[in-house]
Amino acid sequence: MLFTNLVQANLKTRTLGQQIEYYTRLESTNSEAWEIIDEGAQSGALVVTDNQFQGKGRVNRTWLSAPDKSLTFSLLLFPDLDAHLYGWLPILAGLSVHQALNQFDTNVKLKWPNDLILLGKKVGGILCESKVKQQRLHEVVIGVGLNVNETIDDMDESLQSRATSMHIQSEKFYQRERILAEILNCMEPLIDGLPNNIEIIQSQWEEACSHLNQTVQFYHGEKIVEGLFTSLGESGSAVLNVDGAEKIFHSGEIS
């Protein structure tokens, strides 16, 4: 069981996590975050569960998590930011996790646009959703799934070659409440600084990127593009050098 009072005892935030909706079992924290808007949820409200059994990933995939061992949570925000900043949200969220886990001697690398990588394997992911009104980000949900205390036996056999957990890599068990609090502590100043801190976010994300200046295969729709990943673009896009020409991609997936 995850103890919300312990999360809040470790918070240094002004808004993030000050309201926590905790569920022992839930289909999807992102879906629940959208539901609580009608119940008067405040910006910064956190939805967290010990057992997410129908989690959402990108491109209609599912996110599998082990009950009582992983972190699955979503943040609800009312940011009132220009809609073109939406692409920076998964970038910012990934950077927050990277910064937080550094405090636990865990060097998570970032893979565009939303994967968290630990020693070459996926340890977590991010799913951002938004509603736009008049070209403004009116409502945003940032969902994070992170494998924390799973053992190898908790992993589906089909995933063991490409997925991992903090425990598998370190042989340590972690207090999930402290990790969650530190992620929120790192995330709030990045959100509050938008849009003035974009250059800082870009620079720090690129430093933590697992494939910067490396040749990657980029899945863009049904096309596969191979090129050198050189940087993030103005809207958090991927910038690739393909046969000597700069190409910018706002959606897609890197293998």
# chains A, B, ... in the order shown; residues from 1 in each chain; ligands from 1
>>> residues_around(residues="Ser31 of chain A", least_positions_apart="3", cutoff="12 Å", atoms="only C-alpha atoms", output="ChimeraX atom specification")
/A:26-28,34-37,47-48,52,54-57,73-76,127-130,140-143
>>> residues_around(residues="Pro113 of chain A", least_positions_apart="2", cutoff="9 Å", atoms="only C-alpha atoms", output="PyMOL selection string")
chain A and resi 87+90-91+94+110-111+115+126+236-238+251-254
>>> write_last_selection(atoms="C-alpha atoms", output="compact mmCIF listing (two decimals), in the first residue's frame")
# COMPACT_ATOMS: atom_id res chain seq x y z
CA GLY A 87 5.21 19.01 -27.10
CA PRO A 90 6.55 14.78 -22.05
CA ILE A 91 10.06 16.22 -22.37
CA GLY A 94 10.90 12.83 -18.41
CA LEU A 110 15.67 9.68 -21.77
CA LYS A 111 14.44 8.43 -25.12
CA ASP A 115 10.51 6.67 -22.63
CA ILE A 126 5.04 9.01 -19.90
CA GLY A 236 10.01 19.52 -28.33
CA SER A 237 10.17 17.82 -31.72
CA ALA A 238 12.89 15.42 -32.85
CA SER A 251 5.38 12.51 -33.77
CA GLY A 252 6.81 9.05 -34.17
CA GLU A 253 8.93 6.56 -32.32
CA ILE A 254 12.64 5.77 -32.11
>>> residues_around(residues="segment 186-203 of chain A", least_positions_apart="2", cutoff="10 Å", atoms="only C-alpha atoms", output="JSON, numbers by chain")
{"A": [12, 13, 14, 15, 16, 17, 44, 77, 79, 81, 82, 85, 88, 89, 91, 92, 93, 94, 95, 96, 97, 98, 99, 100, 181, 182, 183, 184, 205, 206, 207, 208, 209, 231, 232, 233, 234, 235, 236]}
>>> write_last_selection(atoms="N, CA and C atoms", output="mmCIF file, in the first residue's frame")
data_model
loop_
_atom_site.group_PDB
_atom_site.id
_atom_site.type_symbol
_atom_site.label_atom_id
_atom_site.label_comp_id
_atom_site.auth_asym_id
_atom_site.auth_seq_id
_atom_site.Cartn_x
_atom_site.Cartn_y
_atom_site.Cartn_z
ATOM 1 N N LYS A 12 7.827 19.434 -1.373
ATOM 2 C CA LYS A 12 8.253 20.825 -1.209
ATOM 3 C C LYS A 12 7.518 21.713 -2.206
ATOM 4 N N THR A 13 6.389 21.226 -2.697
ATOM 5 C CA THR A 13 5.664 21.897 -3.769
ATOM 6 C C THR A 13 4.623 22.864 -3.222
ATOM 7 N N ARG A 14 4.221 23.761 -4.122
ATOM 8 C CA ARG A 14 3.158 24.705 -3.798
ATOM 9 C C ARG A 14 1.792 24.147 -4.192
ATOM 10 N N THR A 15 1.725 23.467 -5.357
ATOM 11 C CA THR A 15 0.450 22.937 -5.841
ATOM 12 C C THR A 15 0.487 21.443 -6.163
ATOM 13 N N LEU A 16 1.568 20.969 -6.765
ATOM 14 C CA LEU A 16 1.595 19.571 -7.210
ATOM 15 C C LEU A 16 1.524 18.626 -6.016
ATOM 16 N N GLY A 17 0.515 17.747 -6.042
ATOM 17 C CA GLY A 17 0.373 16.746 -4.996
ATOM 18 C C GLY A 17 -0.263 17.239 -3.717
ATOM 19 N N GLY A 44 -2.901 20.628 -10.207
ATOM 20 C CA GLY A 44 -1.870 19.980 -9.402
ATOM 21 C C GLY A 44 -2.358 18.739 -8.691
ATOM 22 N N LEU A 77 -3.480 19.303 -14.551
ATOM 23 C CA LEU A 77 -3.042 20.695 -14.557
ATOM 24 C C LEU A 77 -3.998 21.559 -15.369
ATOM 25 N N PRO A 79 -3.014 24.735 -17.003
ATOM 26 C CA PRO A 79 -1.840 25.599 -17.132
ATOM 27 C C PRO A 79 -2.068 26.934 -17.839
ATOM 28 N N LEU A 81 -1.472 27.785 -20.988
ATOM 29 C CA LEU A 81 -0.277 28.068 -21.768
ATOM 30 C C LEU A 81 -0.604 27.977 -23.253
ATOM 31 N N ASP A 82 0.213 28.588 -24.075
ATOM 32 C CA ASP A 82 0.045 28.496 -25.515
ATOM 33 C C ASP A 82 0.092 27.027 -25.941
ATOM 34 N N LEU A 85 3.173 24.754 -26.807
ATOM 35 C CA LEU A 85 4.074 24.243 -25.771
ATOM 36 C C LEU A 85 3.767 22.798 -25.395
ATOM 37 N N TRP A 88 6.407 20.044 -25.253
ATOM 38 C CA TRP A 88 7.435 20.086 -24.216
ATOM 39 C C TRP A 88 7.014 19.346 -22.955
ATOM 40 N N LEU A 89 5.738 18.994 -22.820
ATOM 41 C CA LEU A 89 5.278 18.373 -21.576
ATOM 42 C C LEU A 89 5.884 16.991 -21.331
ATOM 43 N N ILE A 91 8.638 15.935 -22.539
ATOM 44 C CA ILE A 91 10.062 16.225 -22.366
ATOM 45 C C ILE A 91 10.334 16.666 -20.935
ATOM 46 N N LEU A 92 9.536 17.609 -20.477
ATOM 47 C CA LEU A 92 9.658 18.136 -19.117
ATOM 48 C C LEU A 92 9.420 17.056 -18.071
ATOM 49 N N ALA A 93 8.405 16.218 -18.297
ATOM 50 C CA ALA A 93 8.099 15.152 -17.336
ATOM 51 C C ALA A 93 9.230 14.142 -17.254
ATOM 52 N N GLY A 94 9.783 13.768 -18.415
ATOM 53 C CA GLY A 94 10.905 12.834 -18.410
ATOM 54 C C GLY A 94 12.114 13.405 -17.693
ATOM 55 N N LEU A 95 12.371 14.690 -17.914
ATOM 56 C CA LEU A 95 13.495 15.340 -17.242
ATOM 57 C C LEU A 95 13.280 15.359 -15.732
ATOM 58 N N SER A 96 12.052 15.551 -15.295
ATOM 59 C CA SER A 96 11.740 15.551 -13.859
ATOM 60 C C SER A 96 12.055 14.200 -13.229
ATOM 61 N N VAL A 97 11.676 13.122 -13.912
ATOM 62 C CA VAL A 97 11.965 11.784 -13.394
ATOM 63 C C VAL A 97 13.471 11.558 -13.351
ATOM 64 N N HIS A 98 14.158 11.956 -14.414
ATOM 65 C CA HIS A 98 15.619 11.823 -14.458
ATOM 66 C C HIS A 98 16.272 12.544 -13.276
ATOM 67 N N GLN A 99 15.867 13.779 -13.034
ATOM 68 C CA GLN A 99 16.449 14.562 -11.939
ATOM 69 C C GLN A 99 16.136 13.932 -10.590
ATOM 70 N N ALA A 100 14.898 13.470 -10.428
ATOM 71 C CA ALA A 100 14.505 12.888 -9.146
ATOM 72 C C ALA A 100 15.269 11.600 -8.852
ATOM 73 N N ALA A 181 7.324 11.806 -4.374
ATOM 74 C CA ALA A 181 7.446 13.181 -3.885
ATOM 75 C C ALA A 181 8.585 13.915 -4.586
ATOM 76 N N GLU A 182 9.713 13.240 -4.784
ATOM 77 C CA GLU A 182 10.853 13.896 -5.420
ATOM 78 C C GLU A 182 10.579 14.208 -6.886
ATOM 79 N N ILE A 183 9.830 13.338 -7.564
ATOM 80 C CA ILE A 183 9.457 13.630 -8.955
ATOM 81 C C ILE A 183 8.625 14.903 -9.017
ATOM 82 N N LEU A 184 7.654 15.032 -8.113
ATOM 83 C CA LEU A 184 6.814 16.231 -8.088
ATOM 84 C C LEU A 184 7.638 17.459 -7.704
ATOM 85 N N TRP A 205 17.631 18.099 -21.047
ATOM 86 C CA TRP A 205 17.087 16.866 -21.614
ATOM 87 C C TRP A 205 18.105 16.235 -22.560
ATOM 88 N N GLU A 206 18.723 17.056 -23.405
ATOM 89 C CA GLU A 206 19.696 16.514 -24.356
ATOM 90 C C GLU A 206 20.883 15.888 -23.639
ATOM 91 N N GLU A 207 21.284 16.459 -22.507
ATOM 92 C CA GLU A 207 22.377 15.870 -21.721
ATOM 93 C C GLU A 207 22.001 14.483 -21.199
ATOM 94 N N ALA A 208 20.705 14.284 -20.930
ATOM 95 C CA ALA A 208 20.237 13.010 -20.372
ATOM 96 C C ALA A 208 19.744 12.047 -21.445
ATOM 97 N N CYS A 209 19.784 12.465 -22.698
ATOM 98 C CA CYS A 209 19.250 11.649 -23.793
ATOM 99 C C CYS A 209 20.141 10.438 -24.055
ATOM 100 N N SER A 231 19.170 16.888 -32.047
ATOM 101 C CA SER A 231 18.702 17.813 -31.012
ATOM 102 C C SER A 231 17.184 17.753 -30.907
ATOM 103 N N LEU A 232 16.658 18.530 -29.959
ATOM 104 C CA LEU A 232 15.232 18.799 -29.884
ATOM 105 C C LEU A 232 14.925 20.055 -30.680
ATOM 106 N N GLY A 233 13.743 20.072 -31.303
ATOM 107 C CA GLY A 233 13.318 21.253 -32.035
ATOM 108 C C GLY A 233 12.592 22.236 -31.139
ATOM 109 N N GLU A 234 12.073 23.301 -31.737
ATOM 110 C CA GLU A 234 11.457 24.384 -30.979
ATOM 111 C C GLU A 234 10.250 23.941 -30.161
ATOM 112 N N SER A 235 9.521 22.959 -30.611
ATOM 113 C CA SER A 235 8.315 22.535 -29.902
ATOM 114 C C SER A 235 8.498 21.171 -29.244
ATOM 115 N N GLY A 236 9.741 20.816 -28.918
ATOM 116 C CA GLY A 236 10.006 19.516 -28.329
ATOM 117 C C GLY A 236 10.062 18.404 -29.357
#
>>> residues_around(residues="Lys131 of chain A", least_positions_apart="6", cutoff="10 Å", atoms="only C-alpha atoms", output="PyMOL selection string")
chain A and resi 78+83+137-141
>>> atom_distance(atom1="atom CA of Ile168 of chain A", atom2="atom CA of Phe53 of chain A")
21.6 Å
>>> closest_residue(among="A:Ile152, A:Leu240, A:Ala41, A:Ala163", to="Gly120 of chain A", atoms="only C-alpha atoms")
A:Ala163
>>> closest_residue(among="A:Val216, A:Ala33, A:Ala45, A:Leu71", to="Arg178 of chain A", atoms="only C-alpha atoms")
A:Leu71
>>> closest_residue(among="A:Thr49, A:Ser70, A:Gln169, A:Gln8", to="Asn107 of chain A", atoms="only C-alpha atoms")
A:Gln169
>>> atom_distance(atom1="atom CA of Thr24 of chain A", atom2="atom CA of Gly145 of chain A")
15.6 Å
>>> select_by_dssp(residues="segment 59-218 of chain A", states="alpha helix (DSSP H)", output="mmCIF file with C-alpha atoms, in the first residue's frame")
data_model
loop_
_atom_site.group_PDB
_atom_site.id
_atom_site.type_symbol
_atom_site.label_atom_id
_atom_site.label_comp_id
_atom_site.auth_asym_id
_atom_site.auth_seq_id
_atom_site.Cartn_x
_atom_site.Cartn_y
_atom_site.Cartn_z
ATOM 1 C CA TRP A 88 7.435 20.086 -24.216
ATOM 2 C CA LEU A 89 5.278 18.373 -21.576
ATOM 3 C CA PRO A 90 6.550 14.781 -22.048
ATOM 4 C CA ILE A 91 10.062 16.225 -22.366
ATOM 5 C CA LEU A 92 9.658 18.136 -19.117
ATOM 6 C CA ALA A 93 8.099 15.152 -17.336
ATOM 7 C CA GLY A 94 10.905 12.834 -18.410
ATOM 8 C CA LEU A 95 13.495 15.340 -17.242
ATOM 9 C CA SER A 96 11.740 15.551 -13.859
ATOM 10 C CA VAL A 97 11.965 11.784 -13.394
ATOM 11 C CA HIS A 98 15.619 11.823 -14.458
ATOM 12 C CA GLN A 99 16.449 14.562 -11.939
ATOM 13 C CA ALA A 100 14.505 12.888 -9.146
ATOM 14 C CA LEU A 101 16.024 9.434 -9.612
ATOM 15 C CA ASN A 102 19.524 10.875 -9.639
ATOM 16 C CA MET A 166 15.036 0.050 -10.351
ATOM 17 C CA HIS A 167 15.236 -2.969 -8.053
ATOM 18 C CA ILE A 168 16.397 -5.371 -10.766
ATOM 19 C CA GLN A 169 19.294 -3.080 -11.648
ATOM 20 C CA SER A 170 20.347 -2.175 -8.092
ATOM 21 C CA ARG A 176 7.853 4.614 -3.520
ATOM 22 C CA GLU A 177 6.375 7.532 -1.583
ATOM 23 C CA ARG A 178 9.746 9.320 -1.459
ATOM 24 C CA ILE A 179 10.373 8.724 -5.154
ATOM 25 C CA LEU A 180 6.943 10.101 -6.060
ATOM 26 C CA ALA A 181 7.446 13.181 -3.885
ATOM 27 C CA GLU A 182 10.853 13.896 -5.420
ATOM 28 C CA ILE A 183 9.457 13.630 -8.955
ATOM 29 C CA LEU A 184 6.814 16.231 -8.088
ATOM 30 C CA ASN A 185 9.415 18.411 -6.354
ATOM 31 C CA CYS A 186 11.509 18.390 -9.534
ATOM 32 C CA MET A 187 8.563 18.863 -11.877
ATOM 33 C CA GLU A 188 6.884 21.897 -10.310
ATOM 34 C CA PRO A 189 9.647 24.476 -10.952
ATOM 35 C CA LEU A 190 9.951 23.269 -14.553
ATOM 36 C CA ILE A 191 6.214 23.726 -15.110
ATOM 37 C CA ASP A 192 6.145 27.080 -13.306
ATOM 38 C CA ILE A 198 12.555 26.138 -22.593
ATOM 39 C CA GLU A 199 16.246 26.490 -23.463
ATOM 40 C CA ILE A 200 17.259 25.124 -20.054
ATOM 41 C CA ILE A 201 14.836 22.188 -20.369
ATOM 42 C CA GLN A 202 16.138 21.444 -23.869
ATOM 43 C CA SER A 203 19.779 21.546 -22.805
ATOM 44 C CA GLN A 204 19.259 19.363 -19.721
ATOM 45 C CA TRP A 205 17.087 16.866 -21.614
ATOM 46 C CA GLU A 206 19.696 16.514 -24.356
ATOM 47 C CA GLU A 207 22.377 15.870 -21.721
ATOM 48 C CA ALA A 208 20.237 13.010 -20.372
#
>>> atom_distance(atom1="atom CA of Lys69 of chain A", atom2="atom CA of Val148 of chain A")
6.1 Å
>>> select_by_dssp(residues="segment 81-184 of chain A", states="strand (DSSP E)", output="mmCIF file with C-alpha atoms, in the first residue's frame")
data_model
loop_
_atom_site.group_PDB
_atom_site.id
_atom_site.type_symbol
_atom_site.label_atom_id
_atom_site.label_comp_id
_atom_site.auth_asym_id
_atom_site.auth_seq_id
_atom_site.Cartn_x
_atom_site.Cartn_y
_atom_site.Cartn_z
ATOM 1 C CA LEU A 81 -0.277 28.068 -21.768
ATOM 2 C CA ASP A 82 0.045 28.496 -25.515
ATOM 3 C CA LYS A 109 18.325 8.114 -19.561
ATOM 4 C CA LEU A 110 15.667 9.682 -21.768
ATOM 5 C CA LYS A 111 14.442 8.431 -25.124
ATOM 6 C CA ASP A 115 10.509 6.667 -22.632
ATOM 7 C CA LEU A 116 12.610 6.250 -19.492
ATOM 8 C CA ILE A 117 15.646 4.010 -20.020
ATOM 9 C CA LEU A 118 17.811 2.306 -17.392
ATOM 10 C CA LYS A 121 16.091 -1.223 -20.974
ATOM 11 C CA LYS A 122 12.763 0.540 -20.535
ATOM 12 C CA VAL A 123 12.012 1.321 -16.887
ATOM 13 C CA GLY A 124 9.100 3.698 -17.401
ATOM 14 C CA GLY A 125 7.074 5.851 -19.720
ATOM 15 C CA ILE A 126 5.044 9.014 -19.901
ATOM 16 C CA LEU A 127 1.667 9.726 -21.490
ATOM 17 C CA CYS A 128 0.489 13.318 -21.803
ATOM 18 C CA GLU A 129 -3.026 14.285 -22.859
ATOM 19 C CA SER A 130 -4.588 17.711 -23.229
ATOM 20 C CA LYS A 131 -7.661 19.722 -24.101
ATOM 21 C CA VAL A 132 -7.142 22.942 -26.037
ATOM 22 C CA LYS A 133 -9.455 25.956 -26.100
ATOM 23 C CA ARG A 136 -4.488 27.587 -25.158
ATOM 24 C CA LEU A 137 -3.694 24.473 -23.117
ATOM 25 C CA HIS A 138 -6.789 24.478 -20.943
ATOM 26 C CA GLU A 139 -6.495 21.087 -19.240
ATOM 27 C CA VAL A 140 -3.507 18.735 -19.193
ATOM 28 C CA VAL A 141 -2.947 15.277 -17.743
ATOM 29 C CA ILE A 142 0.608 13.989 -17.323
ATOM 30 C CA GLY A 143 0.697 10.249 -16.656
ATOM 31 C CA VAL A 144 3.824 8.461 -15.452
ATOM 32 C CA GLY A 145 4.476 4.744 -15.096
ATOM 33 C CA LEU A 146 7.714 3.692 -13.401
#
>>> residues_around(residues="Asp50 of chain A", least_positions_apart="3", cutoff="7 Å", atoms="only C-alpha atoms", output="list in words")
Met1, Leu2, Tyr23, Thr24, Arg25, Pro67 and Asp68 of chain A
>>> write_last_selection(atoms="C-alpha atoms", output="CSV table (one decimal), in the first residue's frame")
chain,number,residue,atom,x,y,z
A,1,MET,CA,0.0,0.0,0.0
A,2,LEU,CA,1.2,3.5,-0.8
A,23,TYR,CA,-7.1,4.2,-5.2
A,24,THR,CA,-6.0,0.7,-4.3
A,25,ARG,CA,-7.1,-0.5,-7.7
A,67,PRO,CA,0.6,-4.3,-8.0
A,68,ASP,CA,2.2,-2.6,-5.0
>>> closest_residue(among="A:Gln175, A:Trp112, A:Ser165, A:Thr4", to="Phe218 of chain A", atoms="only C-alpha atoms")
A:Trp112
